[in-house]
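> start02.csv is reproduced below (CSV, N, CA and C atoms).
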chain,number,residue,atom,x,y,z
A,213,MET,N,149.6,196.2,-52.2
A,213,MET,CA,150.7,196.4,-53.2
A,213,MET,C,150.2,197.2,-54.4
A,214,GLU,N,149.0,196.9,-54.8
A,214,GLU,CA,148.5,197.6,-56.0
A,214,GLU,C,148.3,199.1,-55.7
A,215,GLU,N,147.8,199.4,-54.5
A,215,GLU,CA,147.6,200.8,-54.1
A,215,GLU,C,148.9,201.6,-54.0
A,216,PHE,N,149.9,200.9,-53.5
A,216,PHE,CA,151.3,201.5,-53.4
A,216,PHE,C,151.8,201.8,-54.8
A,217,LEU,N,151.7,200.8,-55.7
A,217,LEU,CA,152.2,201.0,-57.0
A,217,LEU,C,151.5,202.1,-57.7
A,218,GLU,N,150.2,202.2,-57.6
A,218,GLU,CA,149.4,203.3,-58.2
A,218,GLU,C,149.8,204.7,-57.7
A,219,PHE,N,150.1,204.7,-56.4
A,219,PHE,CA,150.5,206.0,-55.7
A,219,PHE,C,151.8,206.4,-56.3
A,220,VAL,N,152.8,205.5,-56.4
A,220,VAL,CA,154.1,205.9,-56.8
A,220,VAL,C,154.1,206.3,-58.3
A,221,ILE,N,153.4,205.5,-59.1
A,221,ILE,CA,153.3,205.8,-60.6
A,221,ILE,C,152.6,207.2,-60.8
A,222,LYS,N,151.6,207.5,-60.1
A,222,LYS,CA,150.9,208.8,-60.2
A,222,LYS,C,151.8,209.9,-59.9
A,223,GLY,N,152.7,209.7,-58.9
A,223,GLY,CA,153.6,210.8,-58.5
A,223,GLY,C,154.7,211.1,-59.5
A,224,LEU,N,154.9,210.1,-60.4
A,224,LEU,CA,156.0,210.3,-61.4
A,224,LEU,C,155.5,210.8,-62.7
A,225,VAL,N,154.3,210.6,-63.1
A,225,VAL,CA,153.9,210.9,-64.5
A,225,VAL,C,153.2,212.3,-64.6
A,226,ASP,N,153.1,212.8,-65.8
A,226,ASP,CA,152.4,214.0,-66.1
A,226,ASP,C,150.9,213.8,-66.4
A,227,PHE,N,150.5,212.6,-66.8
A,227,PHE,CA,149.2,212.3,-67.2
A,227,PHE,C,148.6,211.1,-66.3
A,228,PRO,N,148.4,211.4,-65.0
A,228,PRO,CA,148.0,210.4,-64.1
A,228,PRO,C,146.6,209.7,-64.4
A,229,ASP,N,145.8,210.4,-65.1
A,229,ASP,CA,144.5,209.9,-65.5
A,229,ASP,C,144.6,208.8,-66.5
A,230,GLU,N,145.7,208.7,-67.2
A,230,GLU,CA,145.8,207.7,-68.2
A,230,GLU,C,146.5,206.4,-67.8
A,231,ILE,N,146.7,206.3,-66.5
A,231,ILE,CA,147.4,205.1,-65.9
A,231,ILE,C,146.4,203.9,-65.9
A,232,VAL,N,146.9,202.8,-66.4
A,232,VAL,CA,146.1,201.5,-66.3
A,232,VAL,C,147.0,200.5,-65.7
A,233,ILE,N,146.6,199.9,-64.5
A,233,ILE,CA,147.3,198.8,-63.9
A,233,ILE,C,146.4,197.6,-63.9
A,234,VAL,N,147.0,196.5,-64.5
A,234,VAL,CA,146.2,195.3,-64.5
A,234,VAL,C,147.0,194.3,-63.7
A,235,LYS,N,146.3,193.6,-62.7
A,235,LYS,CA,146.9,192.7,-61.8
A,235,LYS,C,146.5,191.2,-62.2
A,236,HIS,N,147.5,190.4,-62.4
A,236,HIS,CA,147.3,189.0,-62.7
A,236,HIS,C,147.9,188.1,-61.5
A,237,GLU,N,147.1,187.2,-61.0
A,237,GLU,CA,147.6,186.4,-59.9
A,237,GLU,C,147.5,184.9,-60.3
A,238,ALA,N,148.5,184.2,-60.0
A,238,ALA,CA,148.6,182.8,-60.2
A,238,ALA,C,149.5,182.1,-59.2
A,239,ASP,N,149.0,181.1,-58.5
A,239,ASP,CA,149.8,180.5,-57.4
A,239,ASP,C,150.3,181.5,-56.4
A,240,GLN,N,151.6,181.5,-56.3
A,240,GLN,CA,152.3,182.5,-55.4
A,240,GLN,C,152.9,183.6,-56.1
A,241,ARG,N,152.4,183.9,-57.3
A,241,ARG,CA,153.0,185.0,-58.2
A,241,ARG,C,152.0,186.0,-58.5
A,242,VAL,N,152.4,187.3,-58.5
A,242,VAL,CA,151.6,188.4,-58.9
A,242,VAL,C,152.3,189.2,-60.0
A,243,LEU,N,151.6,189.5,-61.1
A,243,LEU,CA,152.2,190.2,-62.2
A,243,LEU,C,151.3,191.5,-62.3
A,244,PHE,N,152.0,192.6,-62.4
A,244,PHE,CA,151.4,193.9,-62.6
A,244,PHE,C,151.8,194.4,-64.0
A,245,ASN,N,150.9,194.6,-64.9
A,245,ASN,CA,151.1,195.3,-66.2
A,245,ASN,C,150.7,196.7,-66.0
A,246,ILE,N,151.6,197.6,-66.3
A,246,ILE,CA,151.4,199.1,-66.2
A,246,ILE,C,151.3,199.7,-67.6
A,247,GLN,N,150.3,200.4,-67.9
A,247,GLN,CA,150.2,201.1,-69.1
A,247,GLN,C,150.0,202.6,-68.8
A,248,VAL,N,150.9,203.4,-69.4
A,248,VAL,CA,150.9,204.9,-69.2
A,248,VAL,C,150.9,205.6,-70.6
A,249,ASN,N,150.8,206.9,-70.5
A,249,ASN,CA,150.9,207.7,-71.7
A,249,ASN,C,152.3,207.5,-72.3
A,250,PRO,N,152.4,207.4,-73.6
A,250,PRO,CA,153.8,207.2,-74.2
A,250,PRO,C,154.8,208.3,-73.8
A,251,GLU,N,154.4,209.5,-73.5
A,251,GLU,CA,155.3,210.5,-73.0
A,251,GLU,C,155.8,210.3,-71.6
A,252,ASP,N,155.1,209.5,-70.8
A,252,ASP,CA,155.5,209.2,-69.5
A,252,ASP,C,156.4,208.0,-69.3
A,253,VAL,N,156.6,207.2,-70.3
A,253,VAL,CA,157.3,205.9,-70.2
A,253,VAL,C,158.7,206.2,-69.7
A,254,GLY,N,159.4,207.2,-70.2
A,254,GLY,CA,160.8,207.5,-69.8
A,254,GLY,C,160.9,207.8,-68.3
A,255,LYS,N,159.8,208.5,-67.8
A,255,LYS,CA,159.8,208.9,-66.4
A,255,LYS,C,159.7,207.6,-65.5
A,256,ILE,N,159.0,206.7,-66.0
A,256,ILE,CA,158.8,205.4,-65.2
A,256,ILE,C,160.1,204.6,-65.2
A,257,ILE,N,160.7,204.5,-66.4
A,257,ILE,CA,161.9,203.7,-66.5
A,257,ILE,C,163.1,204.4,-65.8
A,258,GLY,N,163.3,205.7,-66.0
A,258,GLY,CA,164.4,206.4,-65.3
A,258,GLY,C,165.7,206.2,-66.0
A,259,LYS,N,166.7,206.9,-65.6
A,259,LYS,CA,168.0,206.7,-66.2
A,259,LYS,C,168.5,205.3,-65.9
A,260,HIS,N,168.9,204.7,-67.0
A,260,HIS,CA,169.4,203.3,-67.0
A,260,HIS,C,168.5,202.3,-66.3
A,261,GLY,N,167.2,202.6,-66.2
A,261,GLY,CA,166.2,201.7,-65.6
A,261,GLY,C,166.2,201.8,-64.1
A,262,GLN,N,166.8,202.8,-63.5
A,262,GLN,CA,166.9,202.9,-62.1
A,262,GLN,C,165.5,203.0,-61.4
A,263,THR,N,164.7,203.8,-62.0
A,263,THR,CA,163.4,204.1,-61.3
A,263,THR,C,162.5,202.8,-61.3
A,264,ILE,N,162.4,202.1,-62.5
A,264,ILE,CA,161.6,200.9,-62.5
A,264,ILE,C,162.2,199.8,-61.7
A,265,GLY,N,163.5,199.8,-61.6
A,265,GLY,CA,164.2,198.8,-60.8
A,265,GLY,C,164.0,199.0,-59.3
A,266,ALA,N,163.9,200.3,-58.9
A,266,ALA,CA,163.6,200.6,-57.5
A,266,ALA,C,162.2,200.2,-57.2
A,267,ILE,N,161.2,200.5,-58.1
A,267,ILE,CA,159.8,200.1,-57.8
A,267,ILE,C,159.7,198.6,-57.7
A,268,ARG,N,160.4,197.9,-58.6
A,268,ARG,CA,160.4,196.4,-58.5
A,268,ARG,C,161.0,195.9,-57.2
A,269,ALA,N,162.0,196.5,-56.8
A,269,ALA,CA,162.7,196.1,-55.6
A,269,ALA,C,161.8,196.2,-54.3
A,270,VAL,N,161.2,197.4,-54.3
A,270,VAL,CA,160.3,197.7,-53.1
A,270,VAL,C,159.1,196.7,-53.1
A,271,LEU,N,158.5,196.5,-54.3
A,271,LEU,CA,157.3,195.6,-54.4
A,271,LEU,C,157.8,194.2,-54.1
A,272,SER,N,158.9,193.8,-54.5
A,272,SER,CA,159.4,192.4,-54.3
A,272,SER,C,159.7,192.2,-52.8
A,273,ALA,N,160.2,193.2,-52.1
A,273,ALA,CA,160.5,193.1,-50.7
A,273,ALA,C,159.2,192.9,-49.9
A,274,GLY,N,158.2,193.7,-50.3
A,274,GLY,CA,156.9,193.7,-49.6
A,274,GLY,C,156.2,192.4,-49.9
A,275,ALA,N,156.3,191.9,-51.1
A,275,ALA,CA,155.6,190.6,-51.5
A,275,ALA,C,156.3,189.4,-50.8
A,276,ALA,N,157.6,189.5,-50.6
A,276,ALA,CA,158.3,188.4,-50.0
A,276,ALA,C,157.9,188.2,-48.5
A,277,ARG,N,157.5,189.3,-47.9
A,277,ARG,CA,157.0,189.2,-46.5
A,277,ARG,C,155.7,188.4,-46.4
A,278,HIS,N,155.0,188.3,-47.5
A,278,HIS,CA,153.8,187.5,-47.6
A,278,HIS,C,153.9,186.2,-48.3
A,279,GLY,N,155.2,185.8,-48.6
A,279,GLY,CA,155.4,184.6,-49.3
A,279,GLY,C,155.1,184.6,-50.8
A,280,LEU,N,155.1,185.8,-51.4
A,280,LEU,CA,154.7,185.9,-52.8
A,280,LEU,C,155.9,186.4,-53.6
A,281,LYS,N,155.8,186.2,-54.9
A,281,LYS,CA,156.8,186.8,-55.9
A,281,LYS,C,156.0,187.8,-56.7
A,282,VAL,N,156.6,188.9,-57.0
A,282,VAL,CA,155.9,189.9,-57.8
A,282,VAL,C,156.8,190.3,-59.0
A,283,ALA,N,156.1,190.6,-60.1
A,283,ALA,CA,156.8,191.1,-61.3
A,283,ALA,C,156.0,192.3,-61.8
A,284,VAL,N,156.8,193.3,-62.3
A,284,VAL,CA,156.2,194.5,-62.8
A,284,VAL,C,156.6,194.7,-64.3
A,285,GLU,N,155.7,194.9,-65.2
A,285,GLU,CA,156.0,195.1,-66.6
A,285,GLU,C,155.4,196.3,-67.1
A,286,LEU,N,156.2,197.1,-67.8
A,286,LEU,CA,155.7,198.4,-68.4
A,286,LEU,C,155.3,198.1,-69.8
A,287,ILE,N,154.1,198.4,-70.2
A,287,ILE,CA,153.6,198.1,-71.5
A,287,ILE,C,153.6,199.4,-72.3
Turn the structure described in the file into structure tokens.

Amino acid sequence: MEEFLEFVIKGLVDFPDEIVIVKHEADQRVLFNIQVNPEDVGKIIGKHGQTIGAIRAVLSAGAARHGLKVAVELI
């Protein structure tokens, strides 16, 4: 999941070298904190949050297949 998330985020931003993804695991939950250049935040969020919503949906679907719950937060 982490590799997929990094691949997608790098494809969206102008400053891929500044991406920091921190993964926190507890029980059956996984939390990804994403930090990007301030100029790239809007590209990750998308219009009306559609881009970040789609990223969360895909990760949630993949995690559900393994009995996990996933959350993605943009810092």
> Under the rule that only C-alpha atoms are counted, which of A:Leu243, A:Met213, A:Leu271, A:Val248 is the nearest residue to Val225 of chain A?
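Nearest candidate to Val225 of chain A out of A:Leu243, A:Met213, A:Leu271, A:Val248: A:Val248.
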> What separation in Å, quoted to one decimal, exists between atom CA of Ile231 of chain A and atom N of Thr263 of chain A?
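Between atom CA of Ile231 of chain A and atom N of Thr263 of chain A the gap is 17.8 Å.
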> Which polymer residues have any atom within 12 Å of an atom of Gly223 of chain A, counting only C-alpha atoms, with same-chain residues fewer than 6 positions away left out, as a PDB file with N, CA and C atoms, in the coordinates of the input?

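File selection-v4.pdb, as written:
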ATOM      1  N   PHE A 216     149.900 200.900 -53.500  1.00  0.00           N
ATOM      2  CA  PHE A 216     151.300 201.500 -53.400  1.00  0.00           C
ATOM      3  C   PHE A 216     151.800 201.800 -54.800  1.00  0.00           C
ATOM      4  N   LEU A 217     151.700 200.800 -55.700  1.00  0.00           N
ATOM      5  CA  LEU A 217     152.200 201.000 -57.000  1.00  0.00           C
ATOM      6  C   LEU A 217     151.500 202.100 -57.700  1.00  0.00           C
ATOM      7  N   ASP A 229     145.800 210.400 -65.100  1.00  0.00           N
ATOM      8  CA  ASP A 229     144.500 209.900 -65.500  1.00  0.00           C
ATOM      9  C   ASP A 229     144.600 208.800 -66.500  1.00  0.00           C
ATOM     10  N   ILE A 231     146.700 206.300 -66.500  1.00  0.00           N
ATOM     11  CA  ILE A 231     147.400 205.100 -65.900  1.00  0.00           C
ATOM     12  C   ILE A 231     146.400 203.900 -65.900  1.00  0.00           C
ATOM     13  N   ASP A 252     155.100 209.500 -70.800  1.00  0.00           N
ATOM     14  CA  ASP A 252     155.500 209.200 -69.500  1.00  0.00           C
ATOM     15  C   ASP A 252     156.400 208.000 -69.300  1.00  0.00           C
ATOM     16  N   LYS A 255     159.800 208.500 -67.800  1.00  0.00           N
ATOM     17  CA  LYS A 255     159.800 208.900 -66.400  1.00  0.00           C
ATOM     18  C   LYS A 255     159.700 207.600 -65.500  1.00  0.00           C
ATOM     19  N   ILE A 256     159.000 206.700 -66.000  1.00  0.00           N
ATOM     20  CA  ILE A 256     158.800 205.400 -65.200  1.00  0.00           C
ATOM     21  C   ILE A 256     160.100 204.600 -65.200  1.00  0.00           C
TER      22      ILE A 256
END
> Name the residues of chain A that come out as strand (DSSP E) in a backbone DSSP run; write them as a list of chain:residue names.
A:Val232, A:Ile233, A:Val234, A:Lys235, A:His236, A:Glu237, A:Ala238, A:Arg241, A:Val242, A:Leu243, A:Phe244, A:Asn245, A:Ile246, A:Gln247, A:Lys281, A:Val282, A:Ala283, A:Val284, A:Glu285, A:Leu286
> Would you export the selected residues with N, CA and C atoms as a compact mmCIF listing (two decimals), in the frame of the given file, please?

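Result file result.txt:
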# COMPACT_ATOMS: atom_id res chain seq x y z
N VAL A 232 146.90 202.80 -66.40
CA VAL A 232 146.10 201.50 -66.30
C VAL A 232 147.00 200.50 -65.70
N ILE A 233 146.60 199.90 -64.50
CA ILE A 233 147.30 198.80 -63.90
C ILE A 233 146.40 197.60 -63.90
N VAL A 234 147.00 196.50 -64.50
CA VAL A 234 146.20 195.30 -64.50
C VAL A 234 147.00 194.30 -63.70
N LYS A 235 146.30 193.60 -62.70
CA LYS A 235 146.90 192.70 -61.80
C LYS A 235 146.50 191.20 -62.20
N HIS A 236 147.50 190.40 -62.40
CA HIS A 236 147.30 189.00 -62.70
C HIS A 236 147.90 188.10 -61.50
N GLU A 237 147.10 187.20 -61.00
CA GLU A 237 147.60 186.40 -59.90
C GLU A 237 147.50 184.90 -60.30
N ALA A 238 148.50 184.20 -60.00
CA ALA A 238 148.60 182.80 -60.20
C ALA A 238 149.50 182.10 -59.20
N ARG A 241 152.40 183.90 -57.30
CA ARG A 241 153.00 185.00 -58.20
C ARG A 241 152.00 186.00 -58.50
N VAL A 242 152.40 187.30 -58.50
CA VAL A 242 151.60 188.40 -58.90
C VAL A 242 152.30 189.20 -60.00
N LEU A 243 151.60 189.50 -61.10
CA LEU A 243 152.20 190.20 -62.20
C LEU A 243 151.30 191.50 -62.30
N PHE A 244 152.00 192.60 -62.40
CA PHE A 244 151.40 193.90 -62.60
C PHE A 244 151.80 194.40 -64.00
N ASN A 245 150.90 194.60 -64.90
CA ASN A 245 151.10 195.30 -66.20
C ASN A 245 150.70 196.70 -66.00
N ILE A 246 151.60 197.60 -66.30
CA ILE A 246 151.40 199.10 -66.20
C ILE A 246 151.30 199.70 -67.60
N GLN A 247 150.30 200.40 -67.90
CA GLN A 247 150.20 201.10 -69.10
C GLN A 247 150.00 202.60 -68.80
N LYS A 281 155.80 186.20 -54.90
CA LYS A 281 156.80 186.80 -55.90
C LYS A 281 156.00 187.80 -56.70
N VAL A 282 156.60 188.90 -57.00
CA VAL A 282 155.90 189.90 -57.80
C VAL A 282 156.80 190.30 -59.00
N ALA A 283 156.10 190.60 -60.10
CA ALA A 283 156.80 191.10 -61.30
C ALA A 283 156.00 192.30 -61.80
N VAL A 284 156.80 193.30 -62.30
CA VAL A 284 156.20 194.50 -62.80
C VAL A 284 156.60 194.70 -64.30
N GLU A 285 155.70 194.90 -65.20
CA GLU A 285 156.00 195.10 -66.60
C GLU A 285 155.40 196.30 -67.10
N LEU A 286 156.20 197.10 -67.80
CA LEU A 286 155.70 198.40 -68.40
C LEU A 286 155.30 198.10 -69.80
> Report as a list of chain:residue names all protein, DNA and RNA residues lying within 10 Å of Gly254 of chain A, evaluated on only C-alpha atoms, omitting residues in the same chain fewer than 4 positions from it.
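Residues near the query, excluding close chain neighbours: A:Val225, A:Pro250, A:Gly258, A:Lys259, A:His260, A:Gly261, A:Thr263, A:Ile264.
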> Which one of A:Ile221, A:Leu280, A:Ala266, A:Val253 sits closest to Asp239 of chain A if you count only C-alpha atoms?
A:Leu280
> At what distance in Å, to one decimal, does atom CA of Arg241 of chain A lie from atom N of Arg277 of chain A?
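Between atom N of Arg277 of chain A and atom CA of Arg241 of chain A the gap works out to 12.0 Å.
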> How many Å lie between atom CA of Glu251 of chain A and atom CA of Phe219 of chain A, rounded to one decimal?
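Going from atom CA of Glu251 of chain A over to atom CA of Phe219 of chain A, I get 18.5 Å.
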> Leaving out Gln240 of chain A and any residue of its chain fewer than 2 positions from it, which residues lie within 6 Å of it when counting only N, CA and C atoms, given as a list of chain:residue names?
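The filter keeps A:Ala238, A:Val242, A:Gly279, A:Leu280, A:Lys281.
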> If you run DSSP over the backbone, which residues in chain A end up alpha helix (DSSP H)? Put them as JSON, numbers by chain.
{"A": [214, 215, 216, 217, 218, 219, 220, 221, 222, 223, 224, 253, 254, 255, 256, 257, 262, 263, 264, 265, 266, 267, 268, 269, 270, 271, 272, 273, 274, 275, 276]}
> I'd like the contact shell of Leu286 of chain A - 8 Å cut-off, only C-alpha atoms, skipping same-chain residues fewer than 5 positions apart - returned as a VMD selection string.
chain A and resid 245 to 247 253
